[in-house]
Amino acid sequence: MATELEDQVNLLEKQLKSLQGKQPKDQLSIIVFSGDLDKVLASMIIATGARAMDMEVKMFFTFWGTTMLRDKNKSPKGKDFMSKMFGFMLPKGSSKLKLSKLNMCGMGTEMLKGLMKKKNVASLEEMIATAAELGVEICICQMSMDLMGFKKEEMMDYPNLKYVGVGTYLSDAEESKIQLFI
Amino acid sequence: MATELEDQVNLLEKQLKSLQGKQPKDQLSIIVFSGDLDKVLASMIIATGARAMDMEVKMFFTFWGTTMLRDKNKSPKGKDFMSKMFGFMLPKGSSKLKLSKLNMCGMGTEMLKGLMKKKNVASLEEMIATAAELGVEICICQMSMDLMGFKKEEMMDYPNLKYVGVGTYLSDAEESKIQLFI
Amino acid sequence: MATELEDQVNLLEKQLKSLQGKQPKDQLSIIVFSGDLDKVLASMIIATGARAMDMEVKMFFTFWGTTMLRDKNKSPKGKDFMSKMFGFMLPKGSSKLKLSKLNMCGMGTEMLKGLMKKKNVASLEEMIATAAELGVEICICQMSMDLMGFKKEEMMDYPNLKYVGVGTYLSDAEESKIQLFI
């Protein structure tokens, strides 16, 4: 009788451990698809806020979102015609992003930036620096890099910048308590 | 031997309770970033649908989303120039929102509203009233209020409207089974 | 004493089973609200990627997203004036979708499609075929069908296409590890 109970308890222990191992991490996983200033700002505010609350944060930049990560001072060589053209049409880094609404040829964008300064809200560039300090992890979608013809040497300096595929995103997202597509 | 087993069982009980306490709530957490009529409608349909299924629902309105919550009949005084200008450029409440696509100077928006009426789909205003009755919780991002120069006295009447920061959103989202960014 | 312990263990077993039953499935739930080519592509890349990793995938097409599912070769009869007009204004299937940015009267869209071909990225049509093969489940929002005046006989052939309401989406999403709104 006693051994039966022991067996039962040992099985329970095993099942409980397995269940514990499957619990999602205190982690936030964000796909930044948009390259609009307002949406990118929202993603950085959520990301740095989550790190400040001690959550792990994984950002996955794809499509238009990758343009935020370009370095305006870097000019890679050896691009083909299409890549050059795309590179020219797309914003070169965080300071060139525009609002999704009310841009009004840039006037709305400048107004918002002015307001952010006045109201003591950190600029996008300051938020990126904070994210780096706090350890927000940034991944870039390799396929988007290929499609837009971006080269690694034109992307901004950021600690542990990674180039990954959708599989990496999914593995991270699956383990996260919160997932957002922005 | 028996006491060893007892200890083991008591430990298991403790671990199980801790695990139970960490399970996400039957709760939906939505960031409404967009101020487009179509997206706001989608968020309200999901929110009221979830409440009807007895889920807790927390909506967090930020950026353009805050414009849905303005009351067209309220005109706060004492705004500075920039706040007045932003206030003038942005939609004043739910009835002024436009479609993200096919707006065509408002024609598409009116067409959709007409269709919704014809097909017996509740209007946005009716959905907001239903949400209030069902107990959908609405929070407004304080930082967006500051940036857009909105004052609390110009926002619509809604039960228990709260003004919060990103930390409140993250705490709620972390405990929710479903999180969306709209 | 022994029976007390037995009772305790049996209770634990019951609670553990109940907890196991409440765990989210290895499932991805995506609302495809957008009908922009870039966003729809992103949703299909994530969906097929997740199926390749053996996750269950449920896509819920609503609003503009439903336009991707129209069949360009099907022309239903007996539509009223408004439905005909909407049907005419909205893209007729996957090959007619446009980019959300840089569309430039279709030039940007064609450029991207050309690039995708050159870089050996599957086209949207190929991705949909792959999704069907892999068993990605596609649901269409019945309310959107009604509003846009789409008929079932004009939608594309896809295995087990379902027409559902928001309740079905919420039940699926609640059970999923990952939920996205695109």
# chains A, B, ... in the order shown; residues from 1 in each chain; ligands from 1

call {"tool": "interface_residues", "arguments": {"of": "chain B", "to": "chain C", "cutoff": "10 Å", "atoms": "only C-alpha atoms", "output": "MDAnalysis selection string"}}
result
chainID B and resid 2 5:6 9:10 12:13 16:17 19:20 23:24 26:28 38:39 42 45:50 52:53 55 100:102 108 111:121 176:182

call {"tool": "write_last_selection", "arguments": {"atoms": "C-alpha atoms", "output": "PDB file, in the first residue's frame"}}
result
ATOM      1  CA  ALA B   2       5.999   7.875   6.277  1.00  0.00           C
ATOM      2  CA  LEU B   5       6.554  10.863   2.086  1.00  0.00           C
ATOM      3  CA  GLU B   6       4.459  13.393   3.965  1.00  0.00           C
ATOM      4  CA  VAL B   9       3.530  15.531  -0.546  1.00  0.00           C
ATOM      5  CA  ASN B  10       3.462  18.804   1.355  1.00  0.00           C
ATOM      6  CA  LEU B  12       4.243  19.132  -3.945  1.00  0.00           C
ATOM      7  CA  GLU B  13       1.120  20.796  -2.601  1.00  0.00           C
ATOM      8  CA  LEU B  16       1.172  23.192  -7.135  1.00  0.00           C
ATOM      9  CA  LYS B  17      -0.443  26.134  -5.368  1.00  0.00           C
ATOM     10  CA  LEU B  19       1.855  27.201 -10.090  1.00  0.00           C
ATOM     11  CA  GLN B  20      -1.907  27.706  -9.882  1.00  0.00           C
ATOM     12  CA  GLN B  23      -1.767  30.921 -14.372  1.00  0.00           C
ATOM     13  CA  PRO B  24      -3.032  33.693 -16.634  1.00  0.00           C
ATOM     14  CA  ASP B  26      -9.424  34.514 -18.403  1.00  0.00           C
ATOM     15  CA  GLN B  27      -8.662  38.047 -19.533  1.00  0.00           C
ATOM     16  CA  LEU B  28      -8.198  39.961 -22.780  1.00  0.00           C
ATOM     17  CA  ASP B  38     -12.301  50.310 -38.964  1.00  0.00           C
ATOM     18  CA  LYS B  39      -9.617  49.302 -36.465  1.00  0.00           C
ATOM     19  CA  ALA B  42     -12.637  45.743 -34.657  1.00  0.00           C
ATOM     20  CA  ILE B  45     -16.286  44.025 -31.454  1.00  0.00           C
ATOM     21  CA  ILE B  46     -13.586  41.808 -29.943  1.00  0.00           C
ATOM     22  CA  ALA B  47     -13.860  43.510 -26.540  1.00  0.00           C
ATOM     23  CA  THR B  48     -17.648  43.264 -26.206  1.00  0.00           C
ATOM     24  CA  GLY B  49     -17.582  39.729 -27.632  1.00  0.00           C
ATOM     25  CA  ALA B  50     -15.079  38.684 -24.972  1.00  0.00           C
ATOM     26  CA  ALA B  52     -20.217  38.395 -23.473  1.00  0.00           C
ATOM     27  CA  MET B  53     -18.148  35.207 -23.040  1.00  0.00           C
ATOM     28  CA  MET B  55     -13.749  37.175 -20.011  1.00  0.00           C
ATOM     29  CA  SER B 100      -7.913  53.651 -42.796  1.00  0.00           C
ATOM     30  CA  LYS B 101      -8.661  52.710 -46.432  1.00  0.00           C
ATOM     31  CA  LEU B 102     -11.276  53.797 -48.967  1.00  0.00           C
ATOM     32  CA  GLY B 108     -16.288  55.461 -47.927  1.00  0.00           C
ATOM     33  CA  MET B 111     -20.942  54.182 -46.937  1.00  0.00           C
ATOM     34  CA  LEU B 112     -19.673  51.797 -44.272  1.00  0.00           C
ATOM     35  CA  LYS B 113     -21.767  53.462 -41.580  1.00  0.00           C
ATOM     36  CA  GLY B 114     -24.824  53.172 -43.817  1.00  0.00           C
ATOM     37  CA  LEU B 115     -24.087  49.509 -44.479  1.00  0.00           C
ATOM     38  CA  MET B 116     -23.633  48.773 -40.785  1.00  0.00           C
ATOM     39  CA  LYS B 117     -27.050  50.270 -40.095  1.00  0.00           C
ATOM     40  CA  LYS B 118     -28.658  48.344 -42.933  1.00  0.00           C
ATOM     41  CA  LYS B 119     -27.097  45.056 -41.832  1.00  0.00           C
ATOM     42  CA  ASN B 120     -28.076  45.645 -38.209  1.00  0.00           C
ATOM     43  CA  VAL B 121     -24.481  45.932 -36.996  1.00  0.00           C
ATOM     44  CA  SER B 176      -4.042  37.938 -19.642  1.00  0.00           C
ATOM     45  CA  LYS B 177      -4.561  34.928 -21.845  1.00  0.00           C
ATOM     46  CA  ILE B 178      -4.910  37.105 -24.941  1.00  0.00           C
ATOM     47  CA  GLN B 179      -3.027  40.304 -25.802  1.00  0.00           C
ATOM     48  CA  LEU B 180      -3.568  42.340 -28.944  1.00  0.00           C
ATOM     49  CA  PHE B 181      -2.095  45.536 -30.368  1.00  0.00           C
ATOM     50  CA  ILE B 182      -4.551  47.213 -32.711  1.00  0.00           C
TER      51      ILE B 182
END

call {"tool": "select_by_dssp", "arguments": {"residues": "range 43-165 of chain A", "states": "strand (DSSP E or B)", "output": "ChimeraX atom specification"}}
result
/A:56-61,70,137-141,155,162-164

call {"tool": "calpha_fit_and_write", "arguments": {"fixed": "chain B", "moving": "chain C", "output": "PDB file with C-alpha atoms, in the first residue's frame"}}
result
ATOM      1  CA  MET C   1       9.497   6.618   5.798  1.00  0.00           C
ATOM      2  CA  ALA C   2       5.959   7.865   6.223  1.00  0.00           C
ATOM      3  CA  THR C   3       7.116  11.319   7.306  1.00  0.00           C
ATOM      4  CA  GLU C   4       9.453  11.551   4.339  1.00  0.00           C
ATOM      5  CA  LEU C   5       6.519  10.853   2.063  1.00  0.00           C
ATOM      6  CA  GLU C   6       4.433  13.386   3.958  1.00  0.00           C
ATOM      7  CA  ASP C   7       7.115  16.017   3.482  1.00  0.00           C
ATOM      8  CA  GLN C   8       7.287  15.199  -0.200  1.00  0.00           C
ATOM      9  CA  VAL C   9       3.515  15.528  -0.545  1.00  0.00           C
ATOM     10  CA  ASN C  10       3.444  18.800   1.340  1.00  0.00           C
ATOM     11  CA  LEU C  11       6.167  20.207  -0.870  1.00  0.00           C
ATOM     12  CA  LEU C  12       4.223  19.123  -3.941  1.00  0.00           C
ATOM     13  CA  GLU C  13       1.119  20.806  -2.608  1.00  0.00           C
ATOM     14  CA  LYS C  14       3.016  24.036  -2.101  1.00  0.00           C
ATOM     15  CA  GLN C  15       4.536  23.961  -5.574  1.00  0.00           C
ATOM     16  CA  LEU C  16       1.186  23.191  -7.138  1.00  0.00           C
ATOM     17  CA  LYS C  17      -0.423  26.135  -5.376  1.00  0.00           C
ATOM     18  CA  SER C  18       2.343  28.431  -6.519  1.00  0.00           C
ATOM     19  CA  LEU C  19       1.860  27.215 -10.088  1.00  0.00           C
ATOM     20  CA  GLN C  20      -1.896  27.724  -9.882  1.00  0.00           C
ATOM     21  CA  GLY C  21      -1.316  31.275  -8.751  1.00  0.00           C
ATOM     22  CA  LYS C  22       0.820  32.008 -11.791  1.00  0.00           C
ATOM     23  CA  GLN C  23      -1.764  30.930 -14.366  1.00  0.00           C
ATOM     24  CA  PRO C  24      -3.022  33.699 -16.647  1.00  0.00           C
ATOM     25  CA  LYS C  25      -6.521  34.965 -16.018  1.00  0.00           C
ATOM     26  CA  ASP C  26      -9.412  34.525 -18.397  1.00  0.00           C
ATOM     27  CA  GLN C  27      -8.657  38.054 -19.517  1.00  0.00           C
ATOM     28  CA  LEU C  28      -8.191  39.965 -22.770  1.00  0.00           C
ATOM     29  CA  SER C  29      -5.840  42.927 -22.937  1.00  0.00           C
ATOM     30  CA  ILE C  30      -6.001  45.239 -25.962  1.00  0.00           C
ATOM     31  CA  ILE C  31      -3.849  48.227 -26.840  1.00  0.00           C
ATOM     32  CA  VAL C  32      -5.867  50.504 -29.109  1.00  0.00           C
ATOM     33  CA  PHE C  33      -3.168  52.546 -30.794  1.00  0.00           C
ATOM     34  CA  SER C  34      -5.078  53.298 -33.967  1.00  0.00           C
ATOM     35  CA  GLY C  35      -7.715  55.975 -34.357  1.00  0.00           C
ATOM     36  CA  ASP C  36      -9.036  54.590 -37.644  1.00  0.00           C
ATOM     37  CA  LEU C  37     -12.742  53.814 -37.559  1.00  0.00           C
ATOM     38  CA  ASP C  38     -12.281  50.308 -38.967  1.00  0.00           C
ATOM     39  CA  LYS C  39      -9.615  49.303 -36.456  1.00  0.00           C
ATOM     40  CA  VAL C  40     -11.418  50.852 -33.505  1.00  0.00           C
ATOM     41  CA  LEU C  41     -14.591  49.004 -34.553  1.00  0.00           C
ATOM     42  CA  ALA C  42     -12.637  45.740 -34.657  1.00  0.00           C
ATOM     43  CA  SER C  43     -11.296  46.382 -31.159  1.00  0.00           C
ATOM     44  CA  MET C  44     -14.776  47.090 -29.774  1.00  0.00           C
ATOM     45  CA  ILE C  45     -16.291  44.018 -31.449  1.00  0.00           C
ATOM     46  CA  ILE C  46     -13.589  41.808 -29.940  1.00  0.00           C
ATOM     47  CA  ALA C  47     -13.868  43.506 -26.539  1.00  0.00           C
ATOM     48  CA  THR C  48     -17.647  43.260 -26.203  1.00  0.00           C
ATOM     49  CA  GLY C  49     -17.582  39.713 -27.625  1.00  0.00           C
ATOM     50  CA  ALA C  50     -15.081  38.678 -24.974  1.00  0.00           C
ATOM     51  CA  ARG C  51     -17.145  40.221 -22.162  1.00  0.00           C
ATOM     52  CA  ALA C  52     -20.207  38.390 -23.464  1.00  0.00           C
ATOM     53  CA  MET C  53     -18.143  35.201 -23.033  1.00  0.00           C
ATOM     54  CA  ASP C  54     -17.387  36.289 -19.480  1.00  0.00           C
ATOM     55  CA  MET C  55     -13.743  37.170 -20.000  1.00  0.00           C
ATOM     56  CA  GLU C  56     -12.346  40.199 -18.202  1.00  0.00           C
ATOM     57  CA  VAL C  57     -11.480  42.890 -20.757  1.00  0.00           C
ATOM     58  CA  LYS C  58      -8.960  45.677 -20.353  1.00  0.00           C
ATOM     59  CA  MET C  59      -8.553  48.218 -23.149  1.00  0.00           C
ATOM     60  CA  PHE C  60      -5.622  50.576 -23.126  1.00  0.00           C
ATOM     61  CA  PHE C  61      -6.081  53.562 -25.454  1.00  0.00           C
ATOM     62  CA  THR C  62      -2.910  55.276 -26.616  1.00  0.00           C
ATOM     63  CA  PHE C  63      -1.748  57.693 -29.349  1.00  0.00           C
ATOM     64  CA  TRP C  64      -4.409  58.112 -32.076  1.00  0.00           C
ATOM     65  CA  GLY C  65      -6.675  55.723 -30.186  1.00  0.00           C
ATOM     66  CA  THR C  66      -7.272  58.363 -27.523  1.00  0.00           C
ATOM     67  CA  THR C  67      -9.185  60.492 -30.042  1.00  0.00           C
ATOM     68  CA  MET C  68     -12.086  58.002 -29.920  1.00  0.00           C
ATOM     69  CA  LEU C  69     -12.577  58.902 -26.280  1.00  0.00           C
ATOM     70  CA  ARG C  70     -12.981  62.643 -26.761  1.00  0.00           C
ATOM     71  CA  ASP C  71     -16.420  64.071 -26.159  1.00  0.00           C
ATOM     72  CA  LYS C  72     -17.535  66.216 -29.087  1.00  0.00           C
ATOM     73  CA  ASN C  73     -19.667  68.344 -26.789  1.00  0.00           C
ATOM     74  CA  LYS C  74     -16.947  69.272 -24.358  1.00  0.00           C
ATOM     75  CA  SER C  75     -14.559  72.168 -24.922  1.00  0.00           C
ATOM     76  CA  PRO C  76     -11.904  72.591 -22.253  1.00  0.00           C
ATOM     77  CA  LYS C  77     -10.420  75.991 -21.639  1.00  0.00           C
ATOM     78  CA  GLY C  78      -6.917  77.215 -20.971  1.00  0.00           C
ATOM     79  CA  LYS C  79      -5.072  75.186 -23.600  1.00  0.00           C
ATOM     80  CA  ASP C  80      -1.783  76.451 -24.996  1.00  0.00           C
ATOM     81  CA  PHE C  81      -1.327  77.100 -28.721  1.00  0.00           C
ATOM     82  CA  MET C  82       0.107  73.689 -29.630  1.00  0.00           C
ATOM     83  CA  SER C  83      -2.563  71.797 -27.707  1.00  0.00           C
ATOM     84  CA  LYS C  84      -5.292  73.831 -29.396  1.00  0.00           C
ATOM     85  CA  MET C  85      -3.765  73.112 -32.796  1.00  0.00           C
ATOM     86  CA  PHE C  86      -3.482  69.360 -32.148  1.00  0.00           C
ATOM     87  CA  GLY C  87      -6.982  69.375 -30.726  1.00  0.00           C
ATOM     88  CA  PHE C  88      -8.226  70.989 -33.909  1.00  0.00           C
ATOM     89  CA  MET C  89      -6.420  68.600 -36.267  1.00  0.00           C
ATOM     90  CA  LEU C  90      -7.440  65.389 -34.500  1.00  0.00           C
ATOM     91  CA  PRO C  91     -10.898  63.769 -34.631  1.00  0.00           C
ATOM     92  CA  LYS C  92     -13.158  64.884 -31.817  1.00  0.00           C
ATOM     93  CA  GLY C  93     -14.696  61.615 -30.679  1.00  0.00           C
ATOM     94  CA  SER C  94     -16.030  58.372 -32.101  1.00  0.00           C
ATOM     95  CA  SER C  95     -18.361  59.954 -34.658  1.00  0.00           C
ATOM     96  CA  LYS C  96     -15.471  61.743 -36.383  1.00  0.00           C
ATOM     97  CA  LEU C  97     -13.181  58.757 -37.006  1.00  0.00           C
ATOM     98  CA  LYS C  98     -12.366  57.836 -40.604  1.00  0.00           C
ATOM     99  CA  LEU C  99     -11.609  54.561 -42.340  1.00  0.00           C
ATOM    100  CA  SER C 100      -7.925  53.652 -42.803  1.00  0.00           C
ATOM    101  CA  LYS C 101      -8.664  52.693 -46.424  1.00  0.00           C
ATOM    102  CA  LEU C 102     -11.268  53.781 -48.956  1.00  0.00           C
ATOM    103  CA  ASN C 103     -12.075  56.871 -46.944  1.00  0.00           C
ATOM    104  CA  MET C 104     -12.364  58.863 -50.183  1.00  0.00           C
ATOM    105  CA  CYS C 105     -12.926  62.214 -48.495  1.00  0.00           C
ATOM    106  CA  GLY C 106     -15.382  60.637 -46.096  1.00  0.00           C
ATOM    107  CA  MET C 107     -17.586  58.938 -48.699  1.00  0.00           C
ATOM    108  CA  GLY C 108     -16.276  55.446 -47.911  1.00  0.00           C
ATOM    109  CA  THR C 109     -16.694  56.094 -44.212  1.00  0.00           C
ATOM    110  CA  GLU C 110     -20.310  57.145 -44.665  1.00  0.00           C
ATOM    111  CA  MET C 111     -20.925  54.165 -46.943  1.00  0.00           C
ATOM    112  CA  LEU C 112     -19.655  51.779 -44.263  1.00  0.00           C
ATOM    113  CA  LYS C 113     -21.750  53.440 -41.565  1.00  0.00           C
ATOM    114  CA  GLY C 114     -24.816  53.169 -43.817  1.00  0.00           C
ATOM    115  CA  LEU C 115     -24.081  49.513 -44.479  1.00  0.00           C
ATOM    116  CA  MET C 116     -23.626  48.766 -40.791  1.00  0.00           C
ATOM    117  CA  LYS C 117     -27.041  50.262 -40.090  1.00  0.00           C
ATOM    118  CA  LYS C 118     -28.644  48.322 -42.941  1.00  0.00           C
ATOM    119  CA  LYS C 119     -27.093  45.041 -41.836  1.00  0.00           C
ATOM    120  CA  ASN C 120     -28.053  45.641 -38.207  1.00  0.00           C
ATOM    121  CA  VAL C 121     -24.481  45.926 -36.982  1.00  0.00           C
ATOM    122  CA  ALA C 122     -24.294  48.176 -33.923  1.00  0.00           C
ATOM    123  CA  SER C 123     -22.709  51.589 -34.497  1.00  0.00           C
ATOM    124  CA  LEU C 124     -19.458  52.480 -32.745  1.00  0.00           C
ATOM    125  CA  GLU C 125     -21.386  54.662 -30.286  1.00  0.00           C
ATOM    126  CA  GLU C 126     -23.758  51.788 -29.485  1.00  0.00           C
ATOM    127  CA  MET C 127     -20.798  49.456 -29.021  1.00  0.00           C
ATOM    128  CA  ILE C 128     -19.175  51.851 -26.557  1.00  0.00           C
ATOM    129  CA  ALA C 129     -22.428  52.011 -24.596  1.00  0.00           C
ATOM    130  CA  THR C 130     -22.612  48.206 -24.583  1.00  0.00           C
ATOM    131  CA  ALA C 131     -18.990  47.992 -23.459  1.00  0.00           C
ATOM    132  CA  ALA C 132     -19.800  50.290 -20.539  1.00  0.00           C
ATOM    133  CA  GLU C 133     -22.802  48.166 -19.570  1.00  0.00           C
ATOM    134  CA  LEU C 134     -20.864  44.914 -19.833  1.00  0.00           C
ATOM    135  CA  GLY C 135     -18.026  46.279 -17.744  1.00  0.00           C
ATOM    136  CA  VAL C 136     -15.238  46.543 -20.315  1.00  0.00           C
ATOM    137  CA  GLU C 137     -12.479  48.476 -18.535  1.00  0.00           C
ATOM    138  CA  ILE C 138     -11.032  51.452 -20.402  1.00  0.00           C
ATOM    139  CA  CYS C 139      -7.661  52.967 -19.549  1.00  0.00           C
ATOM    140  CA  ILE C 140      -6.105  55.966 -21.268  1.00  0.00           C
ATOM    141  CA  CYS C 141      -2.381  56.426 -21.679  1.00  0.00           C
ATOM    142  CA  GLN C 142      -1.429  59.473 -19.606  1.00  0.00           C
ATOM    143  CA  MET C 143       1.617  60.217 -21.772  1.00  0.00           C
ATOM    144  CA  SER C 144      -0.542  60.397 -24.908  1.00  0.00           C
ATOM    145  CA  MET C 145      -2.871  62.816 -23.141  1.00  0.00           C
ATOM    146  CA  ASP C 146       0.117  65.025 -22.311  1.00  0.00           C
ATOM    147  CA  LEU C 147       1.596  64.857 -25.807  1.00  0.00           C
ATOM    148  CA  MET C 148      -1.647  65.644 -27.588  1.00  0.00           C
ATOM    149  CA  GLY C 149      -2.550  68.279 -25.049  1.00  0.00           C
ATOM    150  CA  PHE C 150      -5.859  66.617 -24.167  1.00  0.00           C
ATOM    151  CA  LYS C 151      -7.427  67.434 -20.825  1.00  0.00           C
ATOM    152  CA  LYS C 152      -9.431  65.021 -18.696  1.00  0.00           C
ATOM    153  CA  GLU C 153     -12.449  67.298 -18.817  1.00  0.00           C
ATOM    154  CA  GLU C 154     -12.770  66.889 -22.586  1.00  0.00           C
ATOM    155  CA  MET C 155     -12.903  63.082 -22.495  1.00  0.00           C
ATOM    156  CA  MET C 156     -16.180  61.190 -22.716  1.00  0.00           C
ATOM    157  CA  ASP C 157     -18.151  59.947 -19.733  1.00  0.00           C
ATOM    158  CA  TYR C 158     -17.370  56.293 -19.204  1.00  0.00           C
ATOM    159  CA  PRO C 159     -17.602  54.310 -15.976  1.00  0.00           C
ATOM    160  CA  ASN C 160     -14.287  54.150 -14.108  1.00  0.00           C
ATOM    161  CA  LEU C 161     -12.195  55.671 -16.889  1.00  0.00           C
ATOM    162  CA  LYS C 162      -8.581  55.478 -15.742  1.00  0.00           C
ATOM    163  CA  TYR C 163      -5.453  57.367 -16.714  1.00  0.00           C
ATOM    164  CA  VAL C 164      -2.445  55.108 -16.492  1.00  0.00           C
ATOM    165  CA  GLY C 165       1.107  54.502 -17.653  1.00  0.00           C
ATOM    166  CA  VAL C 166       2.742  51.691 -19.594  1.00  0.00           C
ATOM    167  CA  GLY C 167       3.494  49.827 -16.349  1.00  0.00           C
ATOM    168  CA  THR C 168      -0.203  49.329 -15.660  1.00  0.00           C
ATOM    169  CA  TYR C 169      -0.707  48.008 -19.170  1.00  0.00           C
ATOM    170  CA  LEU C 170       2.171  45.540 -18.833  1.00  0.00           C
ATOM    171  CA  SER C 171       0.962  44.224 -15.463  1.00  0.00           C
ATOM    172  CA  ASP C 172      -2.491  43.607 -16.907  1.00  0.00           C
ATOM    173  CA  ALA C 173      -1.214  42.120 -20.169  1.00  0.00           C
ATOM    174  CA  GLU C 174       1.102  39.732 -18.371  1.00  0.00           C
ATOM    175  CA  GLU C 175      -1.859  38.245 -16.526  1.00  0.00           C
ATOM    176  CA  SER C 176      -4.033  37.942 -19.631  1.00  0.00           C
ATOM    177  CA  LYS C 177      -4.555  34.926 -21.838  1.00  0.00           C
ATOM    178  CA  ILE C 178      -4.914  37.113 -24.930  1.00  0.00           C
ATOM    179  CA  GLN C 179      -3.024  40.308 -25.798  1.00  0.00           C
ATOM    180  CA  LEU C 180      -3.570  42.332 -28.944  1.00  0.00           C
ATOM    181  CA  PHE C 181      -2.101  45.542 -30.375  1.00  0.00           C
ATOM    182  CA  ILE C 182      -4.544  47.203 -32.717  1.00  0.00           C
TER     183      ILE C 182
END

call {"tool": "select_by_dssp", "arguments": {"residues": "chain A", "states": "alpha helix (DSSP H)", "output": "PyMOL selection string"}}
result
chain A and resi 2-22+37-52+81-89+107-118+124-134+142-148+166-174
